[in-house]
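Raw contents of protein-v1.txt, compact mmCIF, C-alpha atoms and all ligand atoms:
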# COMPACT_ATOMS: atom_id res chain seq x y z
CA MET A 251 -1.20 -25.46 30.82
CA ILE A 252 0.15 -22.71 33.07
CA LEU A 253 3.75 -22.99 34.25
CA PRO A 254 4.45 -20.51 37.07
CA LYS A 255 7.85 -18.90 37.62
CA SER A 256 7.93 -20.20 41.21
CA HIS A 257 7.35 -23.77 42.38
CA ARG A 258 3.65 -23.10 42.77
CA LEU A 259 1.16 -20.23 42.62
CA THR A 260 0.30 -18.41 45.84
CA PRO A 261 -3.40 -18.60 46.85
CA GLU A 262 -3.88 -15.02 45.56
CA GLN A 263 -2.27 -15.84 42.22
CA LEU A 264 -4.38 -18.99 41.91
CA ASN A 265 -7.49 -16.89 42.56
CA GLU A 266 -6.45 -14.45 39.87
CA VAL A 267 -5.84 -17.08 37.17
CA THR A 268 -9.04 -18.89 38.16
CA ALA A 269 -10.99 -15.65 37.75
CA ILE A 270 -9.51 -15.12 34.26
CA VAL A 271 -10.24 -18.62 32.94
CA THR A 272 -13.73 -18.68 34.52
CA GLU A 273 -14.61 -15.63 32.45
CA PHE A 274 -13.91 -17.78 29.34
CA GLY A 275 -15.81 -20.84 30.58
CA CYS A 276 -12.73 -22.81 31.71
CA LYS A 277 -11.49 -24.21 35.01
CA ILE A 278 -8.08 -24.68 36.60
CA GLN A 279 -6.85 -28.13 37.62
CA PRO A 280 -3.56 -28.09 39.57
CA ILE A 281 -1.20 -30.97 38.77
CA ILE A 282 1.05 -31.43 41.79
CA GLY A 283 4.55 -32.71 41.03
CA ALA A 284 7.34 -33.60 43.46
CA VAL A 285 9.02 -30.24 42.95
CA ARG A 286 6.66 -28.09 40.97
CA THR A 287 2.95 -27.62 40.51
CA ILE A 288 1.59 -26.82 37.08
CA TYR A 289 -1.97 -25.79 36.26
CA ALA A 290 -4.07 -27.34 33.51
CA ILE A 291 -6.70 -25.19 31.85
CA VAL A 292 -9.77 -27.41 31.54
CA GLY A 293 -12.10 -26.36 28.72
CA ASP A 294 -11.62 -24.76 25.32
CA GLU A 295 -8.28 -23.01 25.64
CA ARG A 296 -8.28 -21.62 22.11
CA ASP A 297 -9.39 -18.14 23.10
CA GLU A 298 -6.51 -15.81 22.20
CA LEU A 299 -7.63 -13.14 24.66
CA MET A 300 -7.69 -15.56 27.61
CA MET A 301 -4.21 -16.78 26.69
CA ASN A 302 -2.91 -13.25 26.27
CA ARG A 303 -4.23 -12.25 29.69
CA LEU A 304 -2.58 -15.27 31.32
CA GLU A 305 0.65 -14.72 29.43
CA GLY A 306 0.69 -11.11 30.62
CA LEU A 307 0.85 -12.10 34.32
CA ASP A 308 4.32 -11.41 35.68
CA TYR A 309 4.39 -14.58 37.79
CA VAL A 310 3.68 -16.83 34.79
CA GLU A 311 6.74 -18.33 33.13
CA ARG A 312 5.00 -19.86 30.14
CA ILE A 313 1.69 -21.08 28.82
CA ASP A 314 1.77 -24.35 26.87
CA ARG A 315 -1.11 -24.82 24.49
CA ILE A 316 -2.45 -28.33 24.41
CA GLN A 317 -5.16 -27.65 21.86
CA SER A 318 -4.32 -26.72 18.33
CA PRO A 319 -5.14 -23.13 17.37
CA PHE A 320 -6.57 -24.31 14.05
CA LYS A 321 -9.84 -26.17 14.04
CA LEU A 322 -9.96 -27.37 10.46
CA MET A 323 -6.36 -27.83 9.37
CA ASP A 324 -5.42 -29.85 12.45
CA LYS A 325 -4.50 -33.46 11.84
CA ARG A 326 -7.09 -34.47 14.42
CA SER A 327 -9.95 -32.55 12.76
CA ASP A 328 -12.78 -34.25 10.88
CA LEU A 329 -11.19 -33.02 7.66
CA ALA A 330 -8.20 -35.32 8.15
CA THR A 331 -9.77 -37.87 5.81
CA HIS A 332 -10.34 -35.25 3.09
CA ARG A 333 -8.46 -35.94 -0.13
CA ILE A 334 -7.72 -33.31 -2.78
CA LYS A 335 -7.93 -34.46 -6.39
CA LEU A 336 -6.11 -32.57 -9.07
CA GLY A 337 -5.22 -33.36 -12.67
CA GLY A 338 -6.24 -36.99 -12.23
CA VAL A 339 -4.12 -37.40 -9.08
CA THR A 340 -5.42 -37.94 -5.57
CA LEU A 341 -2.90 -36.15 -3.42
CA GLY A 342 -1.18 -38.51 -1.03
CA GLU A 343 -1.81 -41.52 -3.26
CA GLU A 344 0.32 -40.52 -6.23
CA LEU A 345 3.02 -37.90 -6.75
CA LEU A 346 1.54 -34.65 -8.09
CA VAL A 347 3.60 -32.53 -10.46
CA ILE A 348 2.73 -28.95 -11.32
CA ALA A 349 5.06 -27.50 -13.96
CA GLY A 350 5.27 -24.64 -16.43
CA ALA A 351 6.62 -21.18 -16.97
CA CYS A 352 7.16 -18.65 -14.22
CA THR A 353 5.73 -15.92 -16.41
CA ILE A 354 3.70 -16.15 -19.61
CA ASP A 355 5.10 -13.81 -22.25
CA PRO A 356 2.05 -12.28 -23.94
CA LYS A 357 4.18 -11.14 -26.88
CA ASN A 358 5.42 -14.65 -27.60
CA PRO A 359 2.58 -17.04 -26.76
CA ASN A 360 4.13 -19.90 -28.69
CA TYR A 361 6.80 -20.36 -26.04
CA PHE A 362 4.04 -21.07 -23.56
CA TYR A 363 2.09 -23.37 -25.88
CA GLU A 364 5.24 -25.37 -26.58
CA THR A 365 6.16 -25.39 -22.89
CA ALA A 366 2.67 -26.64 -22.01
CA GLN A 367 2.99 -29.54 -24.44
CA ALA A 368 6.49 -30.31 -23.20
CA VAL A 369 5.54 -30.39 -19.51
CA LYS A 370 2.64 -32.67 -20.34
CA GLU A 371 4.97 -35.03 -22.18
CA ALA A 372 7.40 -34.86 -19.24
CA GLY A 373 4.68 -36.20 -16.96
CA ALA A 374 3.22 -33.10 -15.25
CA HIS A 375 -0.42 -33.20 -14.14
CA VAL A 376 -1.07 -29.47 -13.80
CA LEU A 377 0.21 -26.61 -15.95
CA ARG A 378 1.45 -23.48 -14.19
CA GLY A 379 1.82 -20.09 -15.82
CA GLY A 380 2.11 -16.63 -14.30
CA VAL A 381 -0.43 -14.14 -15.65
CA TRP A 382 -0.11 -11.47 -12.94
CA LYS A 383 3.32 -11.27 -11.34
CA PRO A 384 4.39 -9.93 -7.93
CA ARG A 385 7.68 -8.25 -8.82
CA THR A 386 10.04 -6.74 -6.30
CA ASN A 387 10.93 -3.98 -8.72
CA PRO A 388 7.87 -1.90 -9.67
CA TYR A 389 9.38 -0.97 -13.06
CA THR A 390 9.69 -4.56 -14.30
CA PHE A 391 7.00 -6.51 -16.18
CA GLN A 392 4.03 -6.95 -13.86
CA GLY A 393 2.14 -9.48 -15.95
CA ASP A 394 -0.69 -8.93 -18.36
CA VAL A 395 -4.33 -9.99 -18.29
CA LYS A 396 -3.93 -11.06 -21.96
CA SER A 397 -1.84 -13.95 -20.68
CA LEU A 398 -4.96 -15.44 -19.09
CA ASP A 399 -6.27 -16.28 -22.58
CA ILE A 400 -2.92 -17.86 -23.44
CA LEU A 401 -3.03 -19.93 -20.26
CA LEU A 402 -6.52 -21.17 -21.09
CA GLU A 403 -5.65 -21.90 -24.69
CA ALA A 404 -2.69 -23.97 -23.48
CA SER A 405 -5.03 -25.78 -21.11
CA ARG A 406 -7.40 -26.56 -23.98
CA ARG A 407 -4.57 -27.79 -26.18
CA THR A 408 -3.07 -30.07 -23.53
CA GLY A 409 -6.11 -30.98 -21.46
CA LEU A 410 -4.16 -30.02 -18.32
CA PRO A 411 -5.79 -28.03 -15.51
CA VAL A 412 -4.02 -24.74 -14.79
CA ASP A 413 -2.51 -22.92 -11.83
CA THR A 414 -1.90 -19.16 -11.67
CA GLU A 415 -1.18 -16.62 -8.96
CA VAL A 416 -3.81 -14.09 -7.93
CA MET A 417 -3.06 -11.00 -5.90
CA GLU A 418 -6.33 -9.08 -5.74
CA GLU A 419 -10.07 -9.60 -5.77
CA ALA A 420 -10.56 -8.67 -9.44
CA GLN A 421 -7.95 -11.27 -10.46
CA ILE A 422 -9.62 -13.95 -8.33
CA ALA A 423 -12.91 -13.36 -10.17
CA LEU A 424 -11.26 -13.35 -13.60
CA ALA A 425 -9.32 -16.54 -12.89
CA LEU A 426 -12.33 -18.38 -11.50
CA ASP A 427 -14.61 -17.29 -14.34
CA ALA A 428 -11.98 -18.52 -16.79
CA GLY A 429 -11.94 -21.94 -15.11
CA VAL A 430 -8.50 -21.82 -13.47
CA ALA A 431 -8.33 -24.95 -11.28
CA VAL A 432 -5.63 -23.83 -8.84
CA LEU A 433 -5.37 -20.32 -7.43
CA GLN A 434 -1.84 -19.69 -6.25
CA VAL A 435 -1.18 -17.47 -3.25
CA GLY A 436 2.38 -16.25 -3.56
CA ALA A 437 5.02 -15.95 -0.88
CA ARG A 438 4.45 -12.22 -0.69
CA ASN A 439 0.73 -12.57 -0.03
CA ALA A 440 0.70 -15.62 2.23
CA LEU A 441 0.36 -13.25 5.19
CA ASN A 442 -2.23 -11.04 3.51
CA TYR A 443 -5.21 -12.13 5.56
CA SER A 444 -7.75 -10.06 3.66
CA LEU A 445 -6.68 -11.70 0.38
CA LEU A 446 -6.80 -15.15 2.02
CA ARG A 447 -10.34 -14.40 3.20
CA GLN A 448 -11.37 -13.16 -0.26
CA ILE A 449 -10.07 -16.37 -1.80
CA GLY A 450 -11.80 -18.52 0.83
CA ARG A 451 -15.08 -16.75 0.18
CA ALA A 452 -14.69 -16.92 -3.61
CA ILE A 453 -14.05 -20.68 -3.72
CA ALA A 454 -16.42 -21.66 -0.90
CA ASN A 455 -18.89 -23.26 -3.30
CA ARG A 456 -16.39 -24.49 -5.87
CA PRO A 457 -15.30 -27.96 -4.78
CA SER A 458 -13.23 -28.46 -7.90
CA THR A 459 -11.09 -25.38 -7.22
CA SER A 460 -7.93 -25.67 -5.09
CA VAL A 461 -5.43 -23.24 -3.64
CA LEU A 462 -1.65 -23.61 -3.68
CA LEU A 463 -0.55 -21.60 -0.67
CA LYS A 464 3.13 -20.70 -0.76
CA ARG A 465 5.02 -20.22 2.48
CA SER A 466 5.99 -16.62 3.07
CA ILE A 467 9.71 -15.96 3.44
CA HIS A 468 8.70 -14.06 6.58
CA MET A 469 6.92 -16.97 8.20
CA GLY A 470 8.63 -18.47 11.20
CA PRO A 471 6.59 -20.90 13.29
CA LEU A 472 4.77 -23.58 11.32
CA ASN A 473 1.51 -22.58 13.00
CA GLU A 474 1.68 -19.33 11.08
CA PHE A 475 1.71 -21.24 7.78
CA ILE A 476 -1.07 -23.63 8.81
CA SER A 477 -3.19 -20.79 10.20
CA ALA A 478 -2.92 -18.97 6.86
CA ALA A 479 -4.44 -22.08 5.26
CA GLU A 480 -7.16 -22.06 7.93
CA TYR A 481 -8.15 -18.54 6.82
CA ILE A 482 -9.12 -20.05 3.46
CA THR A 483 -10.67 -23.34 4.60
CA ALA A 484 -12.74 -21.53 7.25
CA PHE A 485 -15.13 -20.53 4.45
CA GLY A 486 -15.91 -24.13 3.60
CA ASN A 487 -13.61 -25.34 0.81
CA PRO A 488 -10.85 -27.55 2.26
CA ASN A 489 -8.78 -27.85 -0.93
CA VAL A 490 -5.68 -26.06 0.29
CA ILE A 491 -2.19 -27.34 -0.49
CA LEU A 492 0.82 -26.10 1.46
CA CYS A 493 3.82 -25.10 -0.63
CA PRO A 494 7.22 -24.53 1.02
CA ARG A 495 9.27 -22.44 -1.46
CA GLY A 496 12.35 -21.36 0.44
CA THR A 497 12.59 -18.89 3.23
CA THR A 498 14.90 -16.31 4.72
CA PRO A 499 17.81 -15.75 5.43
CA THR A 500 19.10 -16.83 2.05
CA LEU A 501 21.72 -19.55 1.98
CA ASP A 502 24.75 -18.17 0.18
CA GLY A 503 24.43 -19.13 -3.48
CA TYR A 504 20.75 -20.07 -3.28
CA ARG A 505 17.91 -17.64 -3.88
CA ASN A 506 16.32 -18.48 -0.52
CA HIS A 507 16.95 -20.89 2.31
CA PRO A 508 15.65 -24.27 1.13
CA ASP A 509 12.88 -25.37 3.50
CA GLU A 510 11.69 -28.70 2.12
CA SER A 511 12.83 -30.23 5.42
CA ILE A 512 9.75 -28.78 7.16
CA THR A 513 7.46 -31.31 5.47
CA PRO A 514 7.64 -33.98 8.20
CA LEU A 515 6.99 -31.29 10.82
CA LEU A 516 3.97 -29.99 8.92
CA LYS A 517 2.66 -33.52 8.62
CA GLU A 518 2.75 -33.96 12.39
CA LYS A 519 0.38 -31.04 12.74
CA THR A 520 -1.86 -30.96 9.70
CA TRP A 521 -3.51 -33.29 7.20
CA ALA A 522 -2.92 -30.77 4.37
CA PRO A 523 -0.91 -32.08 1.44
CA VAL A 524 2.52 -30.56 0.90
CA VAL A 525 3.71 -29.69 -2.61
CA VAL A 526 7.22 -28.27 -2.58
CA ASP A 527 8.44 -25.58 -4.98
CA PRO A 528 12.18 -26.22 -5.43
CA SER A 529 12.50 -23.58 -8.18
CA HIS A 530 12.02 -20.51 -6.00
CA SER A 531 13.77 -22.18 -3.11
CA VAL A 532 17.19 -22.67 -4.71
CA GLY A 533 16.56 -20.24 -7.57
CA LYS A 534 18.92 -21.77 -10.12
CA ALA A 535 18.04 -24.44 -12.65
CA ALA A 536 21.22 -26.41 -11.92
CA TYR A 537 20.16 -27.08 -8.31
CA VAL A 538 16.46 -27.74 -8.92
CA PRO A 539 16.70 -31.51 -9.64
CA ALA A 540 18.53 -32.20 -6.36
CA ALA A 541 16.15 -29.98 -4.40
CA SER A 542 13.21 -31.81 -6.00
CA LEU A 543 14.50 -35.19 -4.88
CA ALA A 544 15.29 -33.87 -1.41
CA ALA A 545 11.69 -32.65 -1.16
CA ILE A 546 10.37 -36.11 -2.03
CA ALA A 547 12.74 -37.75 0.44
CA TYR A 548 11.38 -35.45 3.14
CA GLY A 549 7.85 -36.61 2.42
CA ALA A 550 6.39 -34.13 -0.05
CA ASP A 551 3.20 -35.13 -1.84
CA GLY A 552 4.20 -33.25 -4.95
CA LEU A 553 6.38 -30.70 -6.69
CA CYS A 554 5.77 -27.36 -8.37
CA ILE A 555 8.60 -26.78 -10.85
CA GLU A 556 9.26 -23.95 -13.27
CA ALA A 557 10.02 -25.15 -16.79
CA HIS A 558 10.35 -23.56 -20.22
CA VAL A 559 11.15 -24.85 -23.71
CA GLU A 560 13.87 -22.25 -24.07
CA PRO A 561 14.63 -20.76 -20.65
CA ALA A 562 17.04 -18.19 -22.09
CA LYS A 563 14.18 -16.70 -24.11
CA GLY A 564 11.80 -16.60 -21.16
CA ILE A 565 10.85 -13.68 -18.94
CA GLY A 566 10.45 -13.34 -15.16
CA ASP A 567 12.33 -16.12 -13.36
CA ASP A 568 12.46 -18.43 -16.36
CA PRO A 569 15.97 -17.61 -17.66
CA LYS A 570 17.61 -18.49 -14.35
CA GLN A 571 15.32 -21.07 -12.76
CA SER A 572 13.38 -22.94 -15.39
CA LEU A 573 14.26 -26.50 -16.31
CA THR A 574 14.41 -27.50 -19.94
CA PRO A 575 11.90 -30.20 -20.91
CA ASP A 576 14.48 -32.99 -20.93
CA VAL A 577 15.77 -32.13 -17.45
CA LEU A 578 12.19 -31.80 -16.22
CA LYS A 579 11.33 -35.21 -17.63
CA LYS A 580 14.30 -36.86 -15.96
CA THR A 581 13.59 -35.08 -12.66
CA ILE A 582 9.94 -36.19 -12.67
CA ALA A 583 10.93 -39.78 -13.47
CA GLN A 584 13.48 -39.85 -10.64
CA ALA A 585 11.04 -38.17 -8.26
CA LYS A 586 8.47 -40.86 -9.04
CA GLU A 587 11.02 -43.60 -8.39
CA LEU A 588 12.00 -42.04 -5.08
CA TRP A 589 8.33 -41.62 -4.17
CA ALA A 590 7.79 -45.33 -4.74
CA LEU A 591 10.92 -46.18 -2.77
CA ARG A 592 9.82 -43.96 0.12
CA ARG A 593 6.48 -45.68 0.33
CA ARG A 594 7.87 -49.18 0.31
C1 LIG B 601 6.01 -17.85 -8.73
O1 LIG B 601 5.48 -18.94 -8.47
O2 LIG B 601 6.41 -17.51 -9.85
C2 LIG B 601 6.26 -16.91 -7.61
C3 LIG B 601 6.33 -15.60 -7.78
O3 LIG B 601 6.41 -17.57 -6.47
P1 LIG B 601 6.65 -17.04 -4.97
O4 LIG B 601 5.39 -16.39 -4.57
O5 LIG B 601 6.93 -18.31 -4.22
O6 LIG B 601 7.82 -16.11 -5.02
MN MN B 602 8.64 -17.57 -10.58
Could you write out this structure as structure tokens?
Amino acid sequence: MILPKSHRLTPEQLNEVTAIVTEFGCKIQPIIGAVRTIYAIVGDERDELMMNRLEGLDYVERIDRIQSPFKLMDKRSDLATHRIKLGGVTLGEELLVIAGACTIDPKNPNYFYETAQAVKEAGAHVLRGGVWKPRTNPYTFQGDVKSLDILLEASRRTGLPVDTEVMEEAQIALALDAGVAVLQVGARNALNYSLLRQIGRAIANRPSTSVLLKRSIHMGPLNEFISAAEYITAFGNPNVILCPRGTTPTLDGYRNHPDESITPLLKEKTWAPVVVDPSHSVGKAAYVPAASLAAIAYGADGLCIEAHVEPAKGIGDDPKQSLTPDVLKKTIAQAKELWALRRR
């Protein structure tokens, strides 16, 4: 829809816009109002170049897109009936809980084995554990491939499927070969389109593999988040879960700006399930239970929570953000109650 700066386009301007859209197989249909005439673009208006050319005209005030820019992630796409199953849960039908350590400590694997058992007992369906870590400071612990064996051993001991972050192609291959069920794309890489494409390609023929796509702190419009998911699903595997995890600017006292309130907005646009990460959002264990419940109240399909048997002995984010098993258990129980209440 073209909205001109003046009340209507001059005949020359109308000719110019008609010539542009014709080149892309579309037509112009004027809609004459009492005061103003607007111009519908009839045809497939998803072509970026056509829109850019129209937007560049100095007599055009604004172009409103009627069609969604994403073909697969759109709520109206054929995929809208697709359901993702994970750890015995069908997303959307039951609350999904992913929990576990931020970072696996390869020197002290027992902490992770005990954490894995504890999160299972607390009611989690998927075990998370960081093998490779994106650290702001290049001189801090960057993760260790040895932790992949620890993650898998914990999976064997508990029977829980596992989630870990991958940041490069070699890690994607290692994680998939090892049988990791959920590849996590972190906030720092959610805008790394070549990584998103590599992941999409790598899981194209693996219907039991899913992706937990974190929201980048640098993402503004929701379309940016949903389009990042489309980069992955475009290769054929639709198992992508959106994960708000706090954004920028930080709210004084919190690690990020909590963004669980975007869930209802996401759900107006996309069928993708939303699993909120309250741990990175607020960044302090004391605030995580409240943020978890807020996420459920806003309509989240699940939670991804950092937990550790002894947070103070953990590495990475665990000392400040991880819940102890008893707090995790209580939080999951309350989240389940709220989930049931919400759906009544
Ligand atoms: C994490 O899950 O430990 C992590 C690094 O998350 P994010 O990418 O959201 O910062
Ligand atoms: Mn973390």
Give me, as CSV, the closest atom pair and its distance (Å, one decimal) for every residue of chain A within a cut-off of 9 Å of ligand MN 602 (chain B), counting all atoms listed in the file, rows sorted by chain and rising number.
residue,atom,partner,partner_atom,distance
A:Ala351,CA,B:MN602,MN,7.6
A:Cys352,CA,B:MN602,MN,4.1
A:Thr353,CA,B:MN602,MN,6.7
A:Gly379,CA,B:MN602,MN,9.0
A:Gly380,CA,B:MN602,MN,7.6
A:Lys383,CA,B:MN602,MN,8.3
A:Ser529,CA,B:MN602,MN,7.5
A:His530,CA,B:MN602,MN,6.4
A:Gly533,CA,B:MN602,MN,8.9
A:Glu556,CA,B:MN602,MN,7.0
A:Gly566,CA,B:MN602,MN,6.5
A:Asp567,CA,B:MN602,MN,4.8
A:Asp568,CA,B:MN602,MN,7.0
A:Gln571,CA,B:MN602,MN,7.9
A:Ser572,CA,B:MN602,MN,8.6
Axis-aligned box for ligand LIG 601 (chain B), 3 Å per side, centre and edges in Å as lines of an AutoDock Vina configuration file:
center_x = 6.6
center_y = -17.3
center_z = -7.0
size_x = 8.4
size_y = 9.3
size_z = 11.6
Quick one: everything within 9 Å of Arg326 (chain A), counting all atoms listed in the file, minus sequence neighbours fewer than 5 positions away in the same chain. Send it as an MDAnalysis selection string. chainID A and resid 321 519:521
Tell me, as a ChimeraX atom specification, which residues lie within 12 Å of Thr340 (chain A), counting only C-alpha atoms; anything in the same chain fewer than 5 positions away does not count. /A:332-335,345-347,375,489,523,551-552
Nearby residues (all atoms listed in the file) at most 12 Å from Ala452 (chain A), same-chain spacing under 5 positions excluded, as a ChimeraX atom specification: /A:418-427,433,445-447,457,459-461,482-487
Could you write those residues out with C-alpha atoms, as an mmCIF file, keeping the file's coordinate frame?
data_model
loop_
_atom_site.group_PDB
_atom_site.id
_atom_site.type_symbol
_atom_site.label_atom_id
_atom_site.label_comp_id
_atom_site.auth_asym_id
_atom_site.auth_seq_id
_atom_site.Cartn_x
_atom_site.Cartn_y
_atom_site.Cartn_z
ATOM 1 C CA GLU A 418 -6.330 -9.080 -5.740
ATOM 2 C CA GLU A 419 -10.070 -9.600 -5.770
ATOM 3 C CA ALA A 420 -10.560 -8.670 -9.440
ATOM 4 C CA GLN A 421 -7.950 -11.270 -10.460
ATOM 5 C CA ILE A 422 -9.620 -13.950 -8.330
ATOM 6 C CA ALA A 423 -12.910 -13.360 -10.170
ATOM 7 C CA LEU A 424 -11.260 -13.350 -13.600
ATOM 8 C CA ALA A 425 -9.320 -16.540 -12.890
ATOM 9 C CA LEU A 426 -12.330 -18.380 -11.500
ATOM 10 C CA ASP A 427 -14.610 -17.290 -14.340
ATOM 11 C CA LEU A 433 -5.370 -20.320 -7.430
ATOM 12 C CA LEU A 445 -6.680 -11.700 0.380
ATOM 13 C CA LEU A 446 -6.800 -15.150 2.020
ATOM 14 C CA ARG A 447 -10.340 -14.400 3.200
ATOM 15 C CA PRO A 457 -15.300 -27.960 -4.780
ATOM 16 C CA THR A 459 -11.090 -25.380 -7.220
ATOM 17 C CA SER A 460 -7.930 -25.670 -5.090
ATOM 18 C CA VAL A 461 -5.430 -23.240 -3.640
ATOM 19 C CA ILE A 482 -9.120 -20.050 3.460
ATOM 20 C CA THR A 483 -10.670 -23.340 4.600
ATOM 21 C CA ALA A 484 -12.740 -21.530 7.250
ATOM 22 C CA PHE A 485 -15.130 -20.530 4.450
ATOM 23 C CA GLY A 486 -15.910 -24.130 3.600
ATOM 24 C CA ASN A 487 -13.610 -25.340 0.810
#
Pairwise distance for CA of Ile354 (chain A) and CA of Ile400 (chain A), rounded to one decimal in Å: 7.8 Å
Record the distance separating CA of Met469 (chain A) and CA of Ala437 (chain A), expressed in Å with one decimal.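 So the answer is 9.3 Å.
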Taking (7.4, -26.2, 44.0) in the coordinates of the supplied file, I want to know which residues reach to within 8 Å of it, counting all atoms listed in the file; could you give the answer as a ChimeraX atom specification? /A:256-258,283-287
